[in-house]
>>> print(open('upload.txt').read())   # compact mmCIF, C-alpha atoms
# COMPACT_ATOMS: atom_id res chain seq x y z
CA MET A 1 -27.91 -12.41 76.52
CA ILE A 2 -26.47 -13.39 79.88
CA LYS A 3 -23.27 -14.53 78.17
CA THR A 4 -23.00 -11.18 76.44
CA ARG A 5 -23.45 -9.31 79.70
CA VAL A 6 -20.84 -11.46 81.40
CA ALA A 7 -18.44 -10.87 78.54
CA ILE A 8 -19.00 -7.09 78.72
CA ALA A 9 -18.56 -7.14 82.48
CA LEU A 10 -15.29 -9.07 82.14
CA LEU A 11 -14.10 -6.66 79.47
CA VAL A 12 -14.92 -3.65 81.65
CA MET A 13 -13.14 -5.27 84.61
CA ALA A 14 -10.11 -5.98 82.45
CA LEU A 15 -9.99 -2.41 81.19
CA PHE A 16 -10.39 -1.05 84.71
CA THR A 17 -7.58 -3.26 85.89
CA ALA A 18 -5.40 -2.14 82.99
CA VAL A 19 -6.07 1.50 83.76
CA THR A 20 -5.69 1.45 87.49
CA TYR A 21 -3.18 -1.25 88.17
CA ALA A 22 -0.94 -1.30 85.14
CA ALA A 23 2.16 -1.40 87.27
CA ASP A 24 5.28 -2.27 85.44
CA SER A 25 7.28 -5.13 86.76
CA ALA A 26 10.69 -4.85 88.41
CA GLY A 27 9.75 -1.70 90.34
CA GLU A 28 9.35 0.57 87.35
CA ALA A 29 6.79 3.34 87.60
CA ARG A 30 3.24 2.31 87.00
CA VAL A 31 1.97 3.37 83.56
CA ILE A 32 -1.59 4.61 83.18
CA LYS A 33 -2.87 4.87 79.64
CA ILE A 34 -5.20 7.76 78.92
CA THR A 35 -6.90 8.67 75.66
CA ALA A 36 -7.80 12.23 74.74
CA LYS A 37 -10.42 13.29 72.24
CA LYS A 38 -12.90 16.13 71.83
CA PHE A 39 -13.74 16.91 74.61
CA GLU A 40 -12.83 14.26 77.13
CA TYR A 41 -10.12 12.20 78.66
CA SER A 42 -10.66 8.51 79.28
CA PRO A 43 -10.35 7.71 82.09
CA ASN A 44 -10.99 11.12 83.58
CA GLU A 45 -10.65 10.06 87.21
CA ILE A 46 -7.39 8.42 88.12
CA THR A 47 -6.38 7.22 91.55
CA ILE A 48 -2.72 7.17 92.54
CA LYS A 49 -0.69 6.97 95.75
CA ALA A 50 0.87 10.02 97.37
CA GLY A 51 4.61 10.26 96.92
CA VAL A 52 4.75 7.46 94.36
CA PRO A 53 5.66 8.45 90.79
CA VAL A 54 3.43 7.18 88.03
CA ILE A 55 3.55 7.66 84.29
CA PHE A 56 0.54 8.96 82.39
CA GLU A 57 0.72 7.80 78.80
CA PHE A 58 -1.55 9.87 76.57
CA THR A 59 -2.80 9.18 73.10
CA SER A 60 -5.01 11.56 71.13
CA LEU A 61 -7.76 10.05 69.04
CA ASP A 62 -8.45 13.15 66.96
CA ARG A 63 -6.49 16.40 67.19
CA VAL A 64 -3.84 18.04 69.31
CA HIS A 65 -4.87 18.38 72.94
CA GLY A 66 -3.14 19.56 76.04
CA PHE A 67 -2.82 18.29 79.58
CA THR A 68 -1.96 20.31 82.62
CA VAL A 69 -2.29 20.04 86.39
CA PRO A 70 -2.00 23.58 87.74
CA ASP A 71 -1.79 22.44 91.36
CA LEU A 72 1.10 20.10 90.63
CA GLY A 73 3.56 22.75 89.63
CA GLY A 74 1.83 23.45 86.35
CA ILE A 75 3.11 20.23 84.80
CA ARG A 76 1.90 20.02 81.24
CA ALA A 77 2.12 18.11 77.97
CA THR A 78 1.05 18.46 74.37
CA ILE A 79 -0.75 15.36 73.15
CA GLU A 80 -0.44 14.76 69.44
CA PRO A 81 -2.40 12.20 67.43
CA GLY A 82 -0.54 9.05 66.50
CA LYS A 83 2.06 9.47 69.19
CA ALA A 84 2.23 8.30 72.80
CA THR A 85 3.06 11.17 75.13
CA ARG A 86 4.36 10.30 78.57
CA VAL A 87 4.27 12.51 81.65
CA THR A 88 5.59 11.51 85.05
CA ILE A 89 3.27 12.51 87.85
CA MET A 90 4.08 12.53 91.53
CA ALA A 91 1.74 14.16 94.00
CA PRO A 92 3.39 14.87 97.35
CA LYS A 93 0.24 14.63 99.42
CA ALA A 94 -3.27 13.22 99.36
CA GLY A 95 -6.01 15.24 97.75
CA ILE A 96 -7.87 15.83 94.52
CA TYR A 97 -5.93 17.50 91.74
CA GLU A 98 -7.83 18.77 88.73
CA PHE A 99 -6.40 18.56 85.26
CA HIS A 100 -7.62 20.02 81.99
CA CYS A 101 -6.83 20.52 78.35
CA ASP A 102 -4.81 23.71 78.00
CA LEU A 103 -4.74 23.85 74.21
CA PHE A 104 -7.93 25.39 72.92
CA CYS A 105 -9.60 22.59 70.96
CA GLY A 106 -13.08 23.83 70.08
CA ASP A 107 -16.63 24.14 71.35
CA GLY A 108 -16.48 21.98 74.44
CA HIS A 109 -12.84 22.65 75.29
CA GLU A 110 -13.84 24.21 78.60
CA GLY A 111 -15.32 20.90 79.74
CA MET A 112 -12.30 18.77 78.91
CA THR A 113 -11.25 18.10 82.46
CA GLY A 114 -10.44 15.33 84.88
CA LYS A 115 -9.30 14.54 88.40
CA ILE A 116 -6.33 12.83 89.94
CA ILE A 117 -7.36 11.36 93.26
CA VAL A 118 -4.29 11.00 95.44
CA GLU A 119 -4.53 8.66 98.40
CA ASN A 120 -2.14 7.94 101.25
CA MET B 1 -32.17 54.09 78.10
CA ASN B 2 -30.66 57.49 78.69
CA ILE B 3 -27.17 57.55 80.01
CA ASP B 4 -25.13 60.66 80.42
CA ARG B 5 -21.81 61.43 81.97
CA ARG B 6 -23.42 61.92 85.35
CA ASP B 7 -23.81 58.12 85.36
CA PHE B 8 -20.08 57.71 85.66
CA MET B 9 -19.95 57.84 89.41
CA LYS B 10 -17.30 55.33 90.18
CA LEU B 11 -13.80 56.64 89.88
CA ILE B 12 -11.09 54.07 89.95
CA GLY B 13 -7.61 55.43 90.26
CA LEU B 14 -4.29 53.74 90.69
CA GLY B 15 -5.03 51.06 93.21
CA SER B 16 -7.87 52.90 94.83
CA VAL B 17 -11.57 53.15 94.35
CA VAL B 18 -13.08 56.54 94.91
CA LEU B 19 -16.80 57.12 94.93
CA VAL B 20 -17.94 60.61 94.17
CA SER B 21 -21.36 62.05 93.59
CA GLY B 22 -22.55 62.48 90.06
CA SER B 23 -22.60 66.24 90.41
CA ASP B 24 -19.02 66.30 91.74
CA PHE B 25 -17.94 64.18 88.84
CA TRP B 26 -19.74 66.39 86.38
CA SER B 27 -18.12 69.55 87.69
CA ARG B 28 -14.68 67.92 87.55
CA GLU B 29 -15.35 66.97 84.00
CA THR B 30 -16.50 70.37 82.88
CA GLU B 31 -13.44 71.96 84.48
CA ALA B 32 -11.19 69.47 82.74
CA GLY B 33 -12.40 70.45 79.31
CA GLN B 34 -11.77 68.85 75.98
CA ASP B 35 -9.25 66.21 76.87
CA ASP B 36 -11.61 63.95 78.79
CA PHE B 37 -12.94 61.12 76.76
CA LEU B 38 -15.28 58.21 77.05
CA PHE B 39 -15.00 54.75 75.59
CA VAL B 40 -17.19 51.68 75.87
CA GLN B 41 -16.00 48.12 76.41
CA LEU B 42 -18.12 45.34 74.93
CA SER B 43 -16.94 41.79 75.47
CA ASP B 44 -17.66 38.18 74.66
CA PRO B 45 -20.76 38.38 72.49
CA HIS B 46 -20.04 34.81 71.28
CA TRP B 47 -22.01 35.27 68.08
CA GLY B 48 -23.00 31.80 66.81
CA PHE B 49 -23.69 30.34 70.24
CA SER B 50 -27.16 28.80 70.12
CA ASP B 51 -28.14 27.02 73.32
CA PRO B 52 -31.56 28.40 74.31
CA LYS B 53 -31.29 27.01 77.85
CA VAL B 54 -28.36 29.31 78.42
CA ASN B 55 -29.64 32.27 76.43
CA PRO B 56 -32.97 31.99 74.60
CA ASP B 57 -32.25 35.37 73.03
CA TYR B 58 -28.91 34.26 71.62
CA ALA B 59 -29.77 35.91 68.31
CA GLY B 60 -30.85 39.16 69.89
CA THR B 61 -28.56 39.96 72.79
CA LEU B 62 -25.73 41.52 70.78
CA LYS B 63 -28.28 43.58 68.88
CA LYS B 64 -29.75 44.79 72.19
CA ALA B 65 -26.29 45.79 73.37
CA VAL B 66 -25.72 47.73 70.15
CA ALA B 67 -29.06 49.48 70.62
CA ALA B 68 -28.24 50.28 74.25
CA VAL B 69 -24.92 51.86 73.32
CA ASN B 70 -26.60 53.79 70.51
CA ALA B 71 -29.10 55.10 73.07
CA MET B 72 -26.42 56.60 75.33
CA SER B 73 -27.12 60.31 75.46
CA THR B 74 -23.42 61.01 75.30
CA GLN B 75 -21.90 58.84 72.64
CA PRO B 76 -18.49 57.37 73.41
CA ASP B 77 -15.41 58.53 71.54
CA PHE B 78 -14.72 54.94 70.58
CA ILE B 79 -15.68 51.37 71.37
CA VAL B 80 -13.54 48.33 72.10
CA PHE B 81 -14.50 44.67 71.81
CA THR B 82 -12.32 42.58 74.10
CA GLY B 83 -12.64 39.26 72.33
CA ASP B 84 -14.80 36.22 71.67
CA ILE B 85 -16.80 38.19 69.18
CA THR B 86 -17.82 34.82 67.75
CA HIS B 87 -18.39 31.43 69.30
CA THR B 88 -15.93 28.88 68.03
CA THR B 89 -16.58 26.32 65.33
CA ASP B 90 -14.36 23.71 63.70
CA ASP B 91 -15.67 24.68 60.27
CA PRO B 92 -13.59 27.52 58.74
CA LYS B 93 -16.46 28.48 56.44
CA GLU B 94 -18.93 28.71 59.33
CA ARG B 95 -16.34 30.67 61.35
CA ARG B 96 -16.17 33.29 58.62
CA LYS B 97 -19.96 33.35 58.30
CA ARG B 98 -20.27 34.09 62.02
CA MET B 99 -17.65 36.80 61.78
CA ALA B 100 -19.41 38.41 58.84
CA GLU B 101 -22.74 38.36 60.68
CA ALA B 102 -21.23 39.78 63.87
CA ARG B 103 -19.46 42.50 61.91
CA ASP B 104 -22.76 43.44 60.24
CA ILE B 105 -24.54 43.75 63.58
CA ILE B 106 -21.67 45.76 65.05
CA SER B 107 -21.75 48.07 62.03
CA ASP B 108 -25.08 49.36 63.33
CA LEU B 109 -23.24 51.15 66.14
CA LYS B 110 -23.45 54.89 65.66
CA VAL B 111 -19.84 55.23 66.72
CA LYS B 112 -17.61 54.04 63.91
CA ASN B 113 -14.29 54.19 65.72
CA ILE B 114 -14.19 50.57 66.91
CA ARG B 115 -11.17 48.55 68.02
CA PHE B 116 -11.27 44.78 68.07
CA MET B 117 -9.42 42.23 70.16
CA ALA B 118 -9.55 38.49 69.49
CA GLY B 119 -10.68 35.82 71.93
CA GLU B 120 -9.70 32.16 71.84
CA HIS B 121 -13.10 31.36 70.31
CA ASP B 122 -12.27 33.68 67.42
CA ALA B 123 -8.64 32.86 66.95
CA GLY B 124 -7.59 29.75 68.89
CA LEU B 125 -8.23 27.19 66.14
CA ASP B 126 -6.58 28.97 63.21
CA ASN B 127 -4.01 31.22 64.90
CA GLY B 128 -6.20 34.23 64.22
CA GLU B 129 -6.31 33.84 60.43
CA ALA B 130 -10.06 34.40 59.98
CA PHE B 131 -10.17 37.08 62.66
CA GLN B 132 -7.55 39.12 60.84
CA GLU B 133 -9.53 38.87 57.62
CA PHE B 134 -12.55 40.46 59.29
CA PHE B 135 -11.28 42.57 62.18
CA GLY B 136 -7.64 43.37 61.51
CA LYS B 137 -4.47 42.79 63.49
CA THR B 138 -4.54 40.94 66.78
CA HIS B 139 -1.90 43.03 68.53
CA TYR B 140 -1.32 46.72 67.94
CA VAL B 141 -1.16 50.13 69.56
CA PHE B 142 -3.13 53.31 69.17
CA ASP B 143 -3.16 56.67 70.90
CA TYR B 144 -6.13 58.73 71.92
CA LYS B 145 -5.84 62.17 73.48
CA GLY B 146 -2.49 61.42 75.04
CA VAL B 147 -3.39 57.97 76.34
CA HIS B 148 -1.49 55.03 74.87
CA PHE B 149 -3.56 51.94 74.20
CA ILE B 150 -1.79 48.61 73.80
CA VAL B 151 -3.70 45.62 72.49
CA ILE B 152 -2.15 42.31 73.54
CA ASP B 153 -3.09 39.04 71.84
CA ASN B 154 -3.05 36.15 74.31
CA VAL B 155 -5.33 33.83 72.34
CA SER B 156 -4.02 33.22 68.82
CA ASP B 157 -1.44 30.88 70.25
CA PRO B 158 -3.54 27.97 71.54
CA THR B 159 -1.37 27.55 74.63
CA SER B 160 -2.90 30.72 76.13
CA SER B 161 0.40 32.50 75.59
CA ILE B 162 1.45 35.91 74.35
CA THR B 163 4.63 34.26 73.03
CA ASP B 164 8.15 35.66 72.95
CA PRO B 165 7.96 37.53 69.62
CA GLN B 166 4.96 39.55 70.81
CA LEU B 167 6.61 40.15 74.19
CA LEU B 168 9.62 41.55 72.34
CA TRP B 169 7.27 43.79 70.38
CA LEU B 170 5.60 44.90 73.62
CA GLY B 171 8.96 45.72 75.16
CA ASP B 172 9.91 47.77 72.09
CA GLU B 173 6.61 49.68 72.17
CA LEU B 174 7.00 50.45 75.86
CA LYS B 175 10.54 51.72 75.35
CA LYS B 176 9.05 54.53 73.24
CA LEU B 177 7.05 55.80 76.23
CA ASP B 178 7.95 57.81 79.31
CA LYS B 179 7.62 56.03 82.61
CA ASP B 180 4.74 58.29 83.60
CA SER B 181 2.83 57.84 80.33
CA ARG B 182 -0.81 56.87 80.62
CA ILE B 183 -1.15 53.33 79.33
CA VAL B 184 -4.32 51.30 78.84
CA VAL B 185 -3.84 47.62 78.03
CA LEU B 186 -6.67 45.84 76.24
CA THR B 187 -6.64 42.07 76.02
CA HIS B 188 -8.87 39.01 76.26
CA ARG B 189 -7.54 36.74 78.98
CA PRO B 190 -6.42 37.90 82.39
CA LEU B 191 -2.70 38.59 82.34
CA PHE B 192 -2.42 37.35 85.92
CA ASP B 193 -3.22 33.90 87.34
CA LEU B 194 -6.86 34.45 88.15
CA TYR B 195 -7.77 30.75 88.22
CA PRO B 196 -5.48 28.52 86.14
CA ASN B 197 -7.62 25.44 86.86
CA TRP B 198 -10.24 27.00 84.61
CA ASP B 199 -7.69 28.29 82.14
CA TRP B 200 -8.34 31.80 83.43
CA TRP B 201 -4.82 33.08 83.01
CA THR B 202 -2.16 33.83 80.43
CA ARG B 203 0.67 31.35 80.55
CA ASP B 204 3.33 34.00 80.09
CA GLY B 205 1.25 36.91 81.37
CA ALA B 206 3.69 37.55 84.21
CA LYS B 207 6.30 38.52 81.61
CA ALA B 208 3.96 41.17 80.21
CA ILE B 209 3.21 42.47 83.70
CA ASP B 210 6.95 42.64 84.41
CA LEU B 211 7.42 44.74 81.29
CA LEU B 212 4.55 47.05 82.31
CA MET B 213 5.53 47.36 85.96
CA PRO B 214 8.08 50.19 85.57
CA TYR B 215 5.34 52.38 84.10
CA LYS B 216 3.44 54.30 86.75
CA ASN B 217 0.07 54.71 85.06
CA VAL B 218 -1.10 51.39 83.66
CA ILE B 219 -4.58 49.93 83.71
CA VAL B 220 -5.81 46.70 82.05
CA PHE B 221 -9.27 45.95 80.67
CA TYR B 222 -10.04 42.40 79.60
CA GLY B 223 -12.87 39.90 79.02
CA HIS B 224 -12.90 36.09 78.86
CA ILE B 225 -14.46 35.37 82.25
CA HIS B 226 -17.92 36.84 81.52
CA GLN B 227 -18.24 38.73 84.78
CA GLU B 228 -17.05 41.88 86.44
CA HIS B 229 -13.83 41.32 88.33
CA HIS B 230 -11.19 43.66 89.73
CA HIS B 231 -7.68 42.71 90.71
CA GLN B 232 -4.43 44.48 91.44
CA THR B 233 -0.87 43.37 90.67
CA GLY B 234 1.50 45.89 92.22
CA HIS B 235 0.13 49.26 91.15
CA ILE B 236 -1.60 47.86 88.04
CA MET B 237 -5.36 47.40 88.14
CA HIS B 238 -7.02 44.69 86.03
CA HIS B 239 -10.74 44.97 85.27
CA ALA B 240 -12.72 42.14 83.66
CA ALA B 241 -15.97 42.97 81.88
CA LYS B 242 -19.27 41.16 81.76
CA GLY B 243 -20.07 39.17 78.64
CA LEU B 244 -22.89 39.53 76.15
CA MET B 245 -24.08 35.92 75.77
CA PHE B 246 -23.89 34.10 79.12
CA PRO B 247 -22.43 34.78 82.54
CA GLN B 248 -19.96 32.41 84.17
CA PRO B 249 -19.52 31.52 87.83
CA ALA B 250 -17.06 33.24 90.12
CA PRO B 251 -13.57 31.75 89.88
CA GLY B 252 -13.44 28.37 91.64
CA SER B 253 -16.90 28.79 93.14
CA VAL B 254 -18.29 25.59 91.60
CA PRO B 255 -16.62 22.31 90.61
CA LYS B 256 -17.03 22.84 86.86
CA ARG B 257 -16.79 25.96 84.81
CA VAL B 258 -20.11 26.03 83.00
CA ALA B 259 -22.30 28.83 81.74
CA ILE B 260 -24.85 30.07 84.24
CA PRO B 261 -28.27 29.11 82.85
CA TRP B 262 -30.83 31.70 81.85
CA ASP B 263 -33.04 32.87 84.69
CA PRO B 264 -36.54 33.55 83.33
CA ALA B 265 -37.24 35.64 86.42
CA ALA B 266 -34.25 37.83 85.63
CA PRO B 267 -33.59 37.77 81.89
CA TYR B 268 -30.17 39.04 80.77
CA LYS B 269 -28.93 38.91 84.35
CA GLY B 270 -25.17 39.05 84.44
CA LEU B 271 -24.86 40.40 80.90
CA GLY B 272 -23.71 43.91 80.23
CA TYR B 273 -21.15 46.36 79.02
CA ARG B 274 -18.94 49.00 80.50
CA GLY B 275 -18.33 52.69 80.07
CA ILE B 276 -14.88 54.05 80.87
CA GLN B 277 -14.11 57.71 81.14
CA ALA B 278 -10.56 58.96 81.02
CA GLN B 279 -9.97 62.07 83.06
CA ALA B 280 -7.80 64.79 81.63
CA GLY B 281 -4.70 65.51 83.67
CA THR B 282 -5.11 62.59 86.03
CA PRO B 283 -4.51 58.86 85.70
CA GLU B 284 -7.99 58.15 86.99
CA TYR B 285 -10.73 56.40 85.09
CA GLY B 286 -14.43 56.50 85.75
CA ILE B 287 -15.89 53.03 85.28
CA THR B 288 -19.57 52.28 85.09
CA GLU B 289 -21.22 48.94 84.41
CA PHE B 290 -24.44 48.88 82.40
CA PRO B 291 -26.91 46.01 81.93
CA VAL B 292 -27.88 44.89 78.44
CA GLN B 293 -31.44 45.47 79.48
CA LYS B 294 -32.63 47.30 82.52
CA GLY B 295 -34.73 44.98 84.64
>>> encode(input="upload.txt", output="structure tokens")
Amino acid sequence: MIKTRVAIALLVMALFTAVTYAADSAGEARVIKITAKKFEYSPNEITIKAGVPVIFEFTSLDRVHGFTVPDLGGIRATIEPGKATRVTIMAPKAGIYEFHCDLFCGDGHEGMTGKIIVEN
Amino acid sequence: MNIDRRDFMKLIGLGSVVLVSGSDFWSRETEAGQDDFLFVQLSDPHWGFSDPKVNPDYAGTLKKAVAAVNAMSTQPDFIVFTGDITHTTDDPKERRKRMAEARDIISDLKVKNIRFMAGEHDAGLDNGEAFQEFFGKTHYVFDYKGVHFIVIDNVSDPTSSITDPQLLWLGDELKKLDKDSRIVVLTHRPLFDLYPNWDWWTRDGAKAIDLLMPYKNVIVFYGHIHQEHHHQTGHIMHHAAKGLMFPQPAPGSVPKRVAIPWDPAAPYKGLGYRGIQAQAGTPEYGITEFPVQKG
């Protein structure tokens, strides 16, 4: 039982590390992988640095979804199943920027949201 | 509930709100004669929604609204439904079942001149296919006693857009009108950026407003946000109506956009419909909000 818990904890830590610190080598923009499915993004809270471009790489697990950050110039993307969709994000200043699915996807669409936490 | 034209006390003109007494309003109306008319806006009944914590009378609220309109002592000339007649479902068969049921309930209205607009819950998952089977076209025009009504579809395209072909159509329709024509726009989503973080906007709504702006007498009635809201872009007023299933919070007032739960101490609070009276010879409209159930 303890071994199982340790294994799960290690797996969670590894996933967390992959999500939050997946910086590419040689100075390329950090890539953050995000999955979209009815009616959630995973992860749905993402921390980045102000003024530093990062790449969000989306994959849909079911149907077409959208992604938009109205307070970051309305940047948006259409996320199609079976295809990685990349969006470069750069927030000029610290703060919390909400994002949501902007392609109506069913009963629960309104709750398909997330936050980008931008730190100095 | 008895409602007569004396209830229409709030006159909203072009960019201004004028309050007059019921008797003043009545005398103006009787002087104006036959060309005044009254229509009712019902919005967002979300037939098929079934969360009792949000609305334990989910199966009865639309019926109560129909009964309330039927009880108006002066029946409206026509009725408009500004979208989300049904609550969305992934199942096309269930979607059509909900539309058939909603249409049956609506058919109990005494007034048979009814105009329908689609909401994203009706039309967003199939580009309006089922909606058109049950309720007709999603964008169209009609005239009533010299007032030009333009129905704009900003939901069948799932990106919350009117889209260029419909904007071209809108431009062509407007070209047929004089600049001082009386124009009423009916649509589901706000055409302006009310609160894009909650998807309370139309992506290309500014293009529609630009097309409407040269016309002096334009007013917009819409739904989607399940609450009364009034906004002005230039000289154009935009009026959102209450819903008929659950109210929603004021734009940006809470972190998440969620339905406001049922309040047992105030059942049906925040739900209602609207009467709109067009005044002959003036671009003013009398707007009155009515609760589903007086409490």
>>> interface_residues(input="upload.txt", of="chain B", to="chain A", cutoff="10 Å", atoms="all atoms listed in the file", output="count of residues only")
26
>>> residues_around(input="upload.txt", residues="range 226-229 of chain B", least_positions_apart="6", cutoff="10 Å", atoms="only C-alpha atoms", output="PyMOL selection string")
chain B and resi 43-45+194+238-251+259+270-274+289
>>> residues_around(input="upload.txt", residues="Thr88 in chain A", least_positions_apart="4", cutoff="9 Å", atoms="all atoms listed in the file", output="PyMOL selection string")
chain A and resi 29+53-57
>>> write_last_selection(input="upload.txt", atoms="C-alpha atoms", output="PDB file, in the frame of the given file")
ATOM      1  CA  ALA A  29       6.790   3.340  87.600  1.00  0.00           C
ATOM      2  CA  PRO A  53       5.660   8.450  90.790  1.00  0.00           C
ATOM      3  CA  VAL A  54       3.430   7.180  88.030  1.00  0.00           C
ATOM      4  CA  ILE A  55       3.550   7.660  84.290  1.00  0.00           C
ATOM      5  CA  PHE A  56       0.540   8.960  82.390  1.00  0.00           C
ATOM      6  CA  GLU A  57       0.720   7.800  78.800  1.00  0.00           C
TER       7      GLU A  57
END
>>> closest_residue(input="upload.txt", among="B:Arg96, B:Val220, B:Ala130, B:Val292", to="Ala67 in chain B", atoms="all atoms listed in the file")
B:Val292
>>> atom_distance(input="upload.txt", atom1="CA of Thr202 in chain B", atom2="CA of Thr61 in chain B")
28.2 Å
>>> atom_distance(input="upload.txt", atom1="CA of Ala102 in chain B", atom2="CA of Ala68 in chain B")
16.3 Å
>>> atom_distance(input="upload.txt", atom1="CA of Gly146 in chain B", atom2="CA of Ile162 in chain B")
25.8 Å
>>> closest_residue(input="upload.txt", among="B:Asp51, B:Asp36, B:Glu129, B:Asp153", to="Gly83 in chain B", atoms="all atoms listed in the file")
B:Asp153
>>> closest_residue(input="upload.txt", among="B:Val80, B:Met213, B:Met99, B:Val185", to="Phe131 in chain B", atoms="only C-alpha atoms")
B:Met99
>>> closest_residue(input="upload.txt", among="B:Tyr144, B:Lys269, B:Ile260, B:Pro92", to="Phe290 in chain B", atoms="only C-alpha atoms")
B:Lys269
>>> residues_around(input="upload.txt", residues="Ala77 in chain A", least_positions_apart="2", cutoff="8 Å", atoms="all atoms listed in the file", output="list in words")
Gly66, Phe67, Thr68, Ile75, Ile79, Thr85 and Val87 of chain A
>>> residues_around(input="upload.txt", residues="range 169-180 of chain B", least_positions_apart="5", cutoff="10 Å", atoms="all atoms listed in the file", output="VMD selection string")
chain B and resid 139 to 141 148 150 to 152 162 164 208 210 to 218 283
>>> closest_residue(input="upload.txt", among="B:Phe81, B:Tyr285, B:Trp200, B:Tyr268", to="Phe135 in chain B", atoms="all atoms listed in the file")
B:Phe81
